[in-house]
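Shown next: query_25.txt, given as compact mmCIF, C-alpha atoms and all ligand atoms.
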# COMPACT_ATOMS: atom_id res chain seq x y z
CA MET V 319 111.61 119.54 127.39
CA LEU V 320 112.66 116.51 125.37
CA ASP V 321 111.78 113.06 126.55
CA PRO V 322 115.02 111.47 127.88
CA LYS V 323 114.30 108.39 125.71
CA PHE V 324 115.35 110.48 122.73
CA SER V 325 118.60 111.77 124.14
CA THR V 326 120.62 109.52 121.86
CA PHE V 327 119.00 110.96 118.71
CA SER V 328 120.43 114.01 116.97
CA SER V 329 118.80 117.29 117.95
CA LYS V 330 116.93 117.65 114.63
CA ALA V 331 115.64 114.06 114.80
CA ALA V 332 114.58 114.57 118.41
CA ARG V 333 112.70 117.77 117.45
CA ALA V 334 110.63 115.79 114.96
CA MET V 335 109.68 113.35 117.71
CA ASP V 336 107.34 115.75 119.41
CA ASP V 337 104.26 113.76 118.71
CA ALA V 338 102.45 110.76 119.99
CA PHE V 339 103.10 107.37 121.48
CA ASN V 340 100.60 104.59 120.77
CA ALA V 341 99.10 106.79 118.10
CA PRO V 342 95.94 105.52 116.38
CA LEU V 343 96.68 105.35 112.66
CA ALA V 344 93.01 105.10 111.65
CA LYS V 345 92.92 108.89 112.10
CA HIS V 346 95.54 109.30 109.40
CA THR V 347 94.25 106.99 106.67
CA THR V 348 91.39 107.77 104.32
CA LEU V 349 89.91 104.28 104.95
CA LYS V 350 89.79 105.15 108.69
CA ILE V 351 91.22 101.74 109.56
CA GLY V 352 94.40 100.95 111.48
CA GLY V 353 95.60 100.20 114.99
CA ASN V 354 98.27 102.10 116.88
CA ALA V 355 101.82 102.89 115.89
CA ASN V 356 104.36 102.79 118.71
CA ARG V 357 105.24 106.34 117.78
CA LEU V 358 104.02 108.92 115.27
CA CYS V 359 106.27 111.80 114.23
CA HIS V 360 105.63 114.88 112.15
CA PRO V 361 108.93 116.42 111.01
CA ASN V 362 108.58 120.14 110.34
CA THR V 363 111.47 120.55 107.92
CA VAL V 364 113.11 118.44 105.25
CA ASP V 365 116.28 118.38 107.38
CA GLU V 366 114.34 116.98 110.33
CA LEU V 367 112.79 114.32 108.07
CA VAL V 368 116.18 113.25 106.73
CA GLU V 369 117.85 113.14 110.15
CA LEU V 370 114.96 111.34 111.79
CA VAL V 371 114.76 108.56 109.21
CA SER V 372 118.56 108.27 109.03
CA ASP V 373 118.75 107.93 112.83
CA LEU V 374 115.94 105.37 113.02
CA ASN V 375 117.53 103.43 110.22
CA ALA V 376 120.98 103.51 111.80
CA LYS V 377 119.49 102.18 115.06
CA GLY V 378 117.66 99.40 113.21
CA GLU V 379 114.27 100.66 114.45
CA PRO V 380 111.33 99.91 112.12
CA TRP V 381 109.93 103.02 110.40
CA PHE V 382 107.34 103.80 107.77
CA ILE V 383 106.75 106.96 105.76
CA LEU V 384 103.14 108.06 105.67
CA GLY V 385 101.79 110.76 103.39
CA GLY V 386 98.05 111.29 103.04
CA GLY V 387 97.33 107.65 103.92
CA SER V 388 95.09 107.53 100.85
CA ASN V 389 96.49 104.39 99.27
CA LEU V 390 97.09 102.33 102.32
CA LEU V 391 95.56 99.52 104.36
CA VAL V 392 96.89 99.59 107.93
CA SER V 393 96.46 96.46 110.04
CA SER V 394 93.96 96.83 112.88
CA GLU V 395 96.74 95.39 115.04
CA GLY V 396 98.82 98.46 114.27
CA PHE V 397 102.53 98.89 113.58
CA LYS V 398 105.36 98.19 115.98
CA GLY V 399 107.61 101.02 114.93
CA THR V 400 107.74 104.71 114.12
CA VAL V 401 105.45 106.22 111.52
CA VAL V 402 106.91 109.39 110.02
CA ARG V 403 104.12 111.51 108.56
CA THR V 404 105.18 114.11 106.03
CA THR V 405 102.12 116.34 106.07
CA ASN V 406 103.86 119.26 107.83
CA LEU V 407 106.28 119.57 104.87
CA THR V 408 104.22 121.92 102.76
CA GLU V 409 106.67 124.30 101.09
CA ILE V 410 106.02 125.15 97.44
CA LYS V 411 108.46 127.22 95.35
CA ASN V 412 108.13 128.65 91.86
CA PRO V 413 111.83 129.40 91.23
CA GLU V 414 111.42 130.15 87.51
CA PRO V 415 108.57 130.28 84.98
CA GLY V 416 107.11 126.82 84.39
CA ILE V 417 108.94 125.19 87.30
CA ILE V 418 107.35 124.21 90.61
CA GLU V 419 109.24 122.62 93.47
CA ALA V 420 107.15 121.02 96.23
CA ALA V 421 108.04 119.33 99.51
CA ALA V 422 106.97 115.74 100.19
CA GLY V 423 103.88 116.56 102.23
CA VAL V 424 102.22 119.00 99.82
CA ARG V 425 98.72 117.74 98.99
CA LEU V 426 98.10 116.99 95.32
CA PRO V 427 94.78 118.91 95.11
CA HIS V 428 96.52 121.93 96.64
CA ILE V 429 99.41 121.94 94.17
CA ALA V 430 97.01 121.33 91.26
CA LYS V 431 95.07 124.45 92.26
CA LYS V 432 98.26 126.42 92.85
CA ALA V 433 99.51 125.49 89.34
CA ALA V 434 96.15 126.52 87.88
CA ASN V 435 96.40 129.88 89.66
CA LEU V 436 99.86 130.39 88.16
CA GLY V 437 98.48 129.60 84.69
CA LEU V 438 100.56 126.40 84.50
CA SER V 439 99.11 123.42 82.67
CA GLY V 440 99.91 119.75 83.44
CA MET V 441 98.68 119.23 87.01
CA GLU V 442 94.96 119.37 86.28
CA PHE V 443 94.71 115.55 86.54
CA ALA V 444 95.78 115.58 90.20
CA VAL V 445 93.05 117.82 91.62
CA GLY V 446 90.93 114.92 92.90
CA ILE V 447 93.76 112.69 94.16
CA PRO V 448 93.89 113.08 97.95
CA GLY V 449 97.55 112.10 98.33
CA THR V 450 100.81 113.96 98.81
CA ILE V 451 103.76 114.65 96.55
CA GLY V 452 105.77 111.79 98.15
CA GLY V 453 102.98 109.23 97.82
CA GLY V 454 102.19 110.57 94.34
CA VAL V 455 105.74 110.00 93.10
CA ILE V 456 105.99 106.52 94.69
CA MET V 457 102.64 105.48 93.16
CA ASN V 458 103.04 107.43 89.91
CA ALA V 459 99.57 108.73 90.72
CA GLY V 460 97.48 109.47 87.69
CA ALA V 461 94.02 110.16 86.33
CA HIS V 462 92.24 111.64 83.32
CA GLY V 463 94.94 110.36 80.92
CA SER V 464 97.96 111.79 82.73
CA CYS V 465 100.23 110.93 85.65
CA MET V 466 103.11 112.24 87.74
CA ALA V 467 105.70 110.84 85.33
CA ASN V 468 104.46 113.22 82.60
CA ILE V 469 105.37 116.38 84.52
CA LEU V 470 108.09 115.35 86.96
CA LEU V 471 111.58 116.69 86.22
CA SER V 472 113.32 115.19 89.26
CA ALA V 473 112.84 114.06 92.83
CA LYS V 474 115.10 114.56 95.82
CA VAL V 475 115.39 111.20 97.52
CA LEU V 476 117.03 109.88 100.69
CA ASP V 477 118.43 106.42 100.04
CA THR V 478 118.47 104.90 103.51
CA THR V 479 120.64 101.98 102.36
CA THR V 480 123.54 104.38 101.70
CA GLY V 481 122.50 107.47 103.69
CA GLU V 482 122.80 109.55 100.50
CA LEU V 483 120.40 112.38 99.65
CA LYS V 484 120.35 112.80 95.89
CA GLU V 485 118.41 114.45 93.09
CA ILE V 486 117.17 111.74 90.70
CA ALA V 487 116.02 112.69 87.20
CA ALA V 488 112.51 111.49 86.32
CA GLU V 489 113.82 109.36 83.45
CA ASP V 490 115.94 107.40 85.94
CA LEU V 491 112.94 106.53 88.13
CA ASP V 492 111.59 103.92 85.65
CA PHE V 493 107.99 105.02 85.93
CA THR V 494 105.32 102.58 84.80
CA TYR V 495 101.61 102.26 85.60
CA ARG V 496 101.21 103.10 89.32
CA ARG V 497 104.80 102.43 90.22
CA CYS V 498 108.39 103.61 89.99
CA LYS V 499 111.65 101.98 90.91
CA LEU V 500 111.81 103.56 94.41
CA ASP V 501 111.05 101.25 97.33
CA PRO V 502 109.20 103.21 100.04
CA LEU V 503 110.69 100.94 102.69
CA LYS V 504 114.18 102.13 101.66
CA HIS V 505 113.73 105.44 99.85
CA VAL V 506 112.23 108.66 101.15
CA VAL V 507 111.04 111.28 98.66
CA VAL V 508 111.75 114.62 100.33
CA SER V 509 110.72 116.93 97.49
CA ALA V 510 109.99 116.98 93.76
CA VAL V 511 110.45 119.39 90.85
CA PHE V 512 107.82 119.65 88.12
CA LYS V 513 107.94 121.23 84.68
CA MET V 514 104.70 122.58 83.30
CA GLU V 515 103.59 124.55 80.29
CA GLN V 516 102.33 128.12 80.49
CA GLY V 517 98.72 128.06 79.29
CA SER V 518 95.48 129.96 79.37
CA ALA V 519 94.46 130.38 83.01
CA ALA V 520 90.77 130.14 82.08
CA ASP V 521 91.27 126.85 80.17
CA ILE V 522 93.34 125.34 82.98
CA GLU V 523 90.81 126.33 85.63
CA LYS V 524 87.99 124.90 83.47
CA LYS V 525 89.77 121.57 83.04
CA THR V 526 90.65 121.43 86.75
CA LYS V 527 87.03 122.09 87.70
CA GLU V 528 85.74 119.46 85.21
CA ASN V 529 88.10 116.85 86.69
CA GLU V 530 86.98 117.74 90.21
CA ASP V 531 83.27 117.53 89.27
CA TYR V 532 83.80 114.14 87.58
CA ARG V 533 85.02 112.75 90.93
CA TRP V 534 81.93 113.88 92.76
CA ARG V 535 79.73 112.13 90.20
CA THR V 536 81.62 108.84 89.93
CA GLN V 537 83.20 108.09 93.30
CA PRO V 538 81.74 107.26 96.73
CA ILE V 539 82.83 110.51 98.35
CA GLY V 540 80.53 110.05 101.40
CA PHE V 541 82.25 106.92 102.82
CA PRO V 542 85.86 106.41 103.91
CA ASN V 543 87.77 104.64 101.12
CA ALA V 544 91.25 104.44 99.64
CA GLY V 545 90.54 105.06 95.98
CA SER V 546 90.96 102.28 93.43
CA THR V 547 91.52 98.99 95.22
CA PHE V 548 93.03 97.01 92.33
CA LYS V 549 95.21 97.99 89.39
CA ASN V 550 93.69 97.81 85.94
CA PRO V 551 95.03 94.58 84.39
CA GLU V 552 94.84 96.22 80.94
CA PRO V 553 93.93 99.77 79.92
CA THR V 554 90.87 98.45 78.06
CA LYS V 555 89.86 96.03 80.84
CA THR V 556 89.59 98.14 83.94
CA ALA V 557 89.36 96.49 87.34
CA GLY V 558 86.10 98.38 87.92
CA PHE V 559 84.55 96.92 84.74
CA LEU V 560 85.69 93.36 85.53
CA LEU V 561 84.46 93.57 89.12
CA ASP V 562 81.14 95.04 88.07
CA LYS V 563 80.56 92.37 85.42
CA SER V 564 81.42 89.58 87.85
CA GLY V 565 78.86 90.72 90.40
CA ALA V 566 81.30 92.05 93.01
CA LYS V 567 79.16 95.11 93.77
CA GLU V 568 77.00 92.87 95.97
CA LEU V 569 79.89 91.91 98.26
CA LYS V 570 80.11 92.95 101.90
CA GLU V 571 82.26 91.70 104.76
CA GLY V 572 81.76 92.98 108.30
CA GLY V 573 81.94 96.78 108.13
CA ALA V 574 83.49 96.81 104.64
CA ALA V 575 81.61 96.71 101.35
CA VAL V 576 82.17 97.17 97.65
CA SER V 577 80.78 100.56 96.66
CA SER V 578 77.53 100.44 94.75
CA LEU V 579 78.75 103.48 92.78
CA HIS V 580 82.14 102.09 91.67
CA ALA V 581 83.00 98.38 91.89
CA ASN V 582 86.74 99.05 92.31
CA PHE V 583 86.14 101.09 95.48
CA VAL V 584 85.89 99.48 98.91
CA VAL V 585 84.13 101.58 101.51
CA ASN V 586 84.24 101.48 105.28
CA LEU V 587 80.59 101.53 106.33
CA GLY V 588 81.70 102.04 109.93
CA GLY V 589 83.85 99.92 112.21
CA ALA V 590 85.49 97.87 109.44
CA THR V 591 88.69 96.05 110.46
CA SER V 592 91.66 95.27 108.25
CA HIS V 593 90.56 91.62 108.41
CA ASP V 594 87.11 92.54 107.02
CA VAL V 595 88.86 94.37 104.20
CA THR V 596 91.38 91.65 103.28
CA THR V 597 88.59 89.04 103.32
CA LEU V 598 86.53 91.26 101.03
CA LEU V 599 89.50 91.84 98.70
CA LYS V 600 90.05 88.08 98.41
CA ARG V 601 86.37 87.57 97.54
CA MET V 602 86.59 90.33 94.91
CA GLN V 603 89.68 88.67 93.39
CA ASP V 604 87.90 85.29 93.39
CA CYS V 605 84.86 86.74 91.61
CA VAL V 606 86.96 88.12 88.76
CA GLU V 607 89.14 85.01 88.54
CA LYS V 608 86.07 82.80 88.27
CA GLU V 609 84.38 84.93 85.63
CA PHE V 610 87.37 86.13 83.54
CA GLU V 611 90.40 84.04 84.67
CA ILE V 612 92.18 87.31 85.48
CA HIS V 613 94.01 87.85 88.77
CA LEU V 614 93.59 91.38 90.11
CA GLN V 615 96.60 92.89 91.86
CA PRO V 616 95.97 95.41 94.67
CA GLU V 617 97.00 99.00 94.04
CA TRP V 618 97.06 99.67 97.80
CA LYS V 619 100.14 99.40 99.95
CA LYS V 620 99.90 97.81 103.38
CA LEU V 621 101.38 98.50 106.80
CA GLY V 622 101.57 96.41 109.96
CA LYS V 623 100.91 92.80 110.85
CA PHE V 624 98.79 90.62 108.57
CA THR V 625 98.30 86.85 108.68
CA ASP V 626 99.68 84.65 105.89
CA SER V 627 96.20 84.14 104.49
CA GLU V 628 95.58 87.92 104.49
CA LEU V 629 98.89 88.45 102.69
CA GLU V 630 97.69 86.11 99.91
CA VAL V 631 95.74 89.11 98.57
CA TRP V 632 99.03 90.83 97.57
CA LYS V 633 100.56 87.73 95.92
CA SER V 634 100.98 88.05 92.17
C1 LIG B 1 88.95 109.15 96.95
C2 LIG B 1 90.29 108.73 96.38
C3 LIG B 1 90.55 108.90 95.04
C4 LIG B 1 91.78 108.52 94.50
N1 LIG B 1 92.00 108.70 93.17
C5 LIG B 1 93.19 108.34 92.65
C6 LIG B 1 93.45 108.55 91.26
O1 LIG B 1 92.63 109.05 90.50
N2 LIG B 1 94.67 108.18 90.78
C7 LIG B 1 95.62 107.62 91.58
O2 LIG B 1 96.71 107.31 91.09
N3 LIG B 1 95.40 107.42 92.90
C8 LIG B 1 94.22 107.76 93.45
N4 LIG B 1 93.99 107.55 94.78
C9 LIG B 1 95.01 106.87 95.60
C10 LIG B 1 96.03 107.79 96.29
O3 LIG B 1 95.46 109.08 96.55
C11 LIG B 1 97.32 107.93 95.50
O4 LIG B 1 97.94 106.67 95.31
C12 LIG B 1 98.32 108.86 96.21
O5 LIG B 1 99.39 109.10 95.36
C13 LIG B 1 98.84 108.29 97.51
O6 LIG B 1 99.55 109.32 98.18
P1 LIG B 1 99.61 109.37 99.77
O7 LIG B 1 100.43 110.53 100.14
O8 LIG B 1 98.24 109.33 100.35
O9 LIG B 1 100.37 108.02 100.08
P2 LIG B 1 100.18 107.07 101.33
O10 LIG B 1 98.88 106.35 101.21
O11 LIG B 1 100.43 107.79 102.58
O12 LIG B 1 101.36 106.03 101.06
C14 LIG B 1 101.34 105.22 99.89
C15 LIG B 1 102.76 104.65 99.73
O13 LIG B 1 103.64 105.73 99.43
C16 LIG B 1 104.68 105.77 100.40
N5 LIG B 1 105.05 107.16 100.63
C17 LIG B 1 104.26 108.21 100.95
N6 LIG B 1 105.00 109.34 101.03
C18 LIG B 1 106.28 108.98 100.79
C19 LIG B 1 107.51 109.69 100.73
N7 LIG B 1 107.59 110.98 100.96
N8 LIG B 1 108.64 108.98 100.43
C20 LIG B 1 108.58 107.65 100.21
N9 LIG B 1 107.45 106.94 100.26
C21 LIG B 1 106.31 107.60 100.53
C22 LIG B 1 104.13 105.08 101.64
O14 LIG B 1 105.19 104.55 102.44
C23 LIG B 1 103.29 103.99 101.00
O15 LIG B 1 104.09 102.90 100.62
C24 LIG B 1 92.77 107.94 95.35
C25 LIG B 1 92.51 107.77 96.71
C26 LIG B 1 91.28 108.16 97.23
C27 LIG B 1 91.01 107.99 98.70

Here is a file; write its structure as structure tokens.
Amino acid sequence: MLDPKFSTFSSKAARAMDDAFNAPLAKHTTLKIGGNANRLCHPNTVDELVELVSDLNAKGEPWFILGGGSNLLVSSEGFKGTVVRTTNLTEIKNPEPGIIEAAAGVRLPHIAKKAANLGLSGMEFAVGIPGTIGGGVIMNAGAHGSCMANILLSAKVLDTTTGELKEIAAEDLDFTYRRCKLDPLKHVVVSAVFKMEQGSAADIEKKTKENEDYRWRTQPIGFPNAGSTFKNPEPTKTAGFLLDKSGAKELKEGGAAVSSLHANFVVNLGGATSHDVTTLLKRMQDCVEKEFEIHLQPEWKKLGKFTDSELEVWKS
């Protein structure tokens, strides 16, 4: 039985609203930080996703698309709006040799392993990135010398400013380091098509396994984190190097600390708040600015209410 509050939404949008009110977002972010969203929805089909976001948008209700929550700091005060989580959209198709089509919520490690099983080379880099296809396209996720832009043919995108659902070729997405021209507050990636090369299954599996093992050795897997905190200002001057050399590994703020394994990782030691994290990020930026006169720009996106001084962290 549908909640009468949703009677004005289309039937598909209402079906996607089966989930929770006052839903704790900490459960759905890899940092394990975040207050409640007014409502959390899990559309089960691409059609439901499109109708839900279109309806929310038409009604002027605030919404946010959440994938794996692996590149996101959510305010401990939460989000006054609807979070639409894509993780039930897991369809993968292999319509012709070398081509893989994946829905927005497919996990990157899963598709990397699926490609390896099919003997397709190109996705090996993504095996240790705990995001989804949607978040991966938005962030141009990358590692081990490759990134989404290298294998993406096109993405199907809902433009909520026009209501249009269109297939956009990769070359029109203006990919650069950890970004593309899509604005996740206006555009919803519903699926993506990748082109990969047929290769030796044994070689692909070996490379995939090596990339996975590298993660275990170099990243703080045991503590909740959200991957690299800051973008690399230059390929030769990584944020991790600059932070390490400026002594940031010693920093701790409330329940949040810089990882002793990797200076560009912030870990939640338990009970960290978004305020602990933004204060820590500001101190990390200050360290590097003092030592190298370089301003580090966060790689993470943010959601919810932050104070003006907390928002300083994202200023360029
Ligand atoms: C341990 C660890 C290791 C990591 N290693 C790497 C790495 O090597 N390389 C790398 O690039 N990143 C890495 N990351 C960061 C992160 O996994 C990637 O940025 C990933 O692409 C984010 O995807 P997501 O689905 O989790 O996005 P989310 O965190 O859920 O969202 C990030 C942004 O994308 C938007 N978004 C998500 N889905 C959609 C959609 N369908 N349509 C429109 N907008 C959408 C959100 O609104 C938000 O603005 C790592 C993170 C962790 C925790």

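Atom pair CA of Gly446 (chain V) / atom C2 of ligand LIG 1 (chain B) has a distance of 7.1 Å (rounded to one decimal).
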
- Check which residues fall inside 7 Å of ligand LIG 1 (chain B) when counting all atoms listed in the file, and print them as a PyMOL selection string. chain V and resi 348+382-390+404+422-423+446-461+496+502-503+505-508+537+539+543-546+619

Please, could you write that set of residues out with C-alpha atoms as a PDB file, in the coordinates of the input?
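What landed in selection_37.pdb:
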ATOM      1  CA  THR V 348      91.390 107.770 104.320  1.00  0.00           C
ATOM      2  CA  PHE V 382     107.340 103.800 107.770  1.00  0.00           C
ATOM      3  CA  ILE V 383     106.750 106.960 105.760  1.00  0.00           C
ATOM      4  CA  LEU V 384     103.140 108.060 105.670  1.00  0.00           C
ATOM      5  CA  GLY V 385     101.790 110.760 103.390  1.00  0.00           C
ATOM      6  CA  GLY V 386      98.050 111.290 103.040  1.00  0.00           C
ATOM      7  CA  GLY V 387      97.330 107.650 103.920  1.00  0.00           C
ATOM      8  CA  SER V 388      95.090 107.530 100.850  1.00  0.00           C
ATOM      9  CA  ASN V 389      96.490 104.390  99.270  1.00  0.00           C
ATOM     10  CA  LEU V 390      97.090 102.330 102.320  1.00  0.00           C
ATOM     11  CA  THR V 404     105.180 114.110 106.030  1.00  0.00           C
ATOM     12  CA  ALA V 422     106.970 115.740 100.190  1.00  0.00           C
ATOM     13  CA  GLY V 423     103.880 116.560 102.230  1.00  0.00           C
ATOM     14  CA  GLY V 446      90.930 114.920  92.900  1.00  0.00           C
ATOM     15  CA  ILE V 447      93.760 112.690  94.160  1.00  0.00           C
ATOM     16  CA  PRO V 448      93.890 113.080  97.950  1.00  0.00           C
ATOM     17  CA  GLY V 449      97.550 112.100  98.330  1.00  0.00           C
ATOM     18  CA  THR V 450     100.810 113.960  98.810  1.00  0.00           C
ATOM     19  CA  ILE V 451     103.760 114.650  96.550  1.00  0.00           C
ATOM     20  CA  GLY V 452     105.770 111.790  98.150  1.00  0.00           C
ATOM     21  CA  GLY V 453     102.980 109.230  97.820  1.00  0.00           C
ATOM     22  CA  GLY V 454     102.190 110.570  94.340  1.00  0.00           C
ATOM     23  CA  VAL V 455     105.740 110.000  93.100  1.00  0.00           C
ATOM     24  CA  ILE V 456     105.990 106.520  94.690  1.00  0.00           C
ATOM     25  CA  MET V 457     102.640 105.480  93.160  1.00  0.00           C
ATOM     26  CA  ASN V 458     103.040 107.430  89.910  1.00  0.00           C
ATOM     27  CA  ALA V 459      99.570 108.730  90.720  1.00  0.00           C
ATOM     28  CA  GLY V 460      97.480 109.470  87.690  1.00  0.00           C
ATOM     29  CA  ALA V 461      94.020 110.160  86.330  1.00  0.00           C
ATOM     30  CA  ARG V 496     101.210 103.100  89.320  1.00  0.00           C
ATOM     31  CA  PRO V 502     109.200 103.210 100.040  1.00  0.00           C
ATOM     32  CA  LEU V 503     110.690 100.940 102.690  1.00  0.00           C
ATOM     33  CA  HIS V 505     113.730 105.440  99.850  1.00  0.00           C
ATOM     34  CA  VAL V 506     112.230 108.660 101.150  1.00  0.00           C
ATOM     35  CA  VAL V 507     111.040 111.280  98.660  1.00  0.00           C
ATOM     36  CA  VAL V 508     111.750 114.620 100.330  1.00  0.00           C
ATOM     37  CA  GLN V 537      83.200 108.090  93.300  1.00  0.00           C
ATOM     38  CA  ILE V 539      82.830 110.510  98.350  1.00  0.00           C
ATOM     39  CA  ASN V 543      87.770 104.640 101.120  1.00  0.00           C
ATOM     40  CA  ALA V 544      91.250 104.440  99.640  1.00  0.00           C
ATOM     41  CA  GLY V 545      90.540 105.060  95.980  1.00  0.00           C
ATOM     42  CA  SER V 546      90.960 102.280  93.430  1.00  0.00           C
ATOM     43  CA  LYS V 619     100.140  99.400  99.950  1.00  0.00           C
TER      44      LYS V 619
END

- Task: Rounded to one decimal place, report the CA of Glu630 (chain V)-CA of Leu614 (chain V) distance in Å.
- Result: 11.9 Å

Box along x, y and z, 6 Å on every side, all listed atoms of region 506-512 of chain V inside: centre and edge lengths in Å to one decimal, as AutoDock Vina command-line options.
--center_x 110.0 --center_y 114.2 --center_z 94.6 --size_x 16.4 --size_y 23.0 --size_z 25.0

- Query: In Å, with one decimal, what is the gap from CA of Thr363 (chain V) to CA of Ala487 (chain V)?
  - Reply: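 A separation of 22.6 Å between them.
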
- Using all atoms listed in the file, which residue out of V:Ser577, V:Thr625, V:Ser439, V:Thr400 lies closest to Ala338 (chain V)?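 Nearest candidate to Ala338 (chain V) out of V:Ser577, V:Thr625, V:Ser439, V:Thr400: V:Thr400.
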
- Item | Selection: 8 Å around region 593-602 of chain V, all atoms listed in the file, excl. self and same-chain fewer than 2 positions, as a ChimeraX atom specification | /V:393-394,561,566,569-575,584,590-591,604-606,628,631

- Note on the structure: From the list V:His428, V:Arg403, V:Lys555, V:Lys549, the nearest residue to Leu367 (chain V) using only C-alpha atoms is V:Arg403

- Task: Excluding region 509-511 of chain V and residues on its chain fewer than 2 positions from it, collect all residues at most 7 Å away from it, counting all atoms listed in the file, and give them as a VMD selection string.
- Result: chain V and resid 417 to 422 470 to 474 507 513

- Query: V:Gln615, V:Glu568, V:Lys431, V:Lys527: which is nearest Thr556 (chain V), counting all atoms listed in the file?
  - Reply: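 The closest residue to Thr556 (chain V) is V:Gln615.
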
- Task: Can you work out which one of V:Pro551, V:Leu358, V:Glu414, V:Leu476 has the shortest atom-to-atom distance to Tyr495 (chain V), counting all atoms listed in the file?
- Result: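 Ranking V:Pro551, V:Leu358, V:Glu414, V:Leu476 by distance to Tyr495 (chain V), first place goes to V:Pro551.
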
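The shortest atom-to-atom distance to Ala433 (chain V), with only C-alpha atoms taken into account, belongs to V:Ile469 out of V:Leu500, V:Leu587, V:Leu391, V:Ile469.
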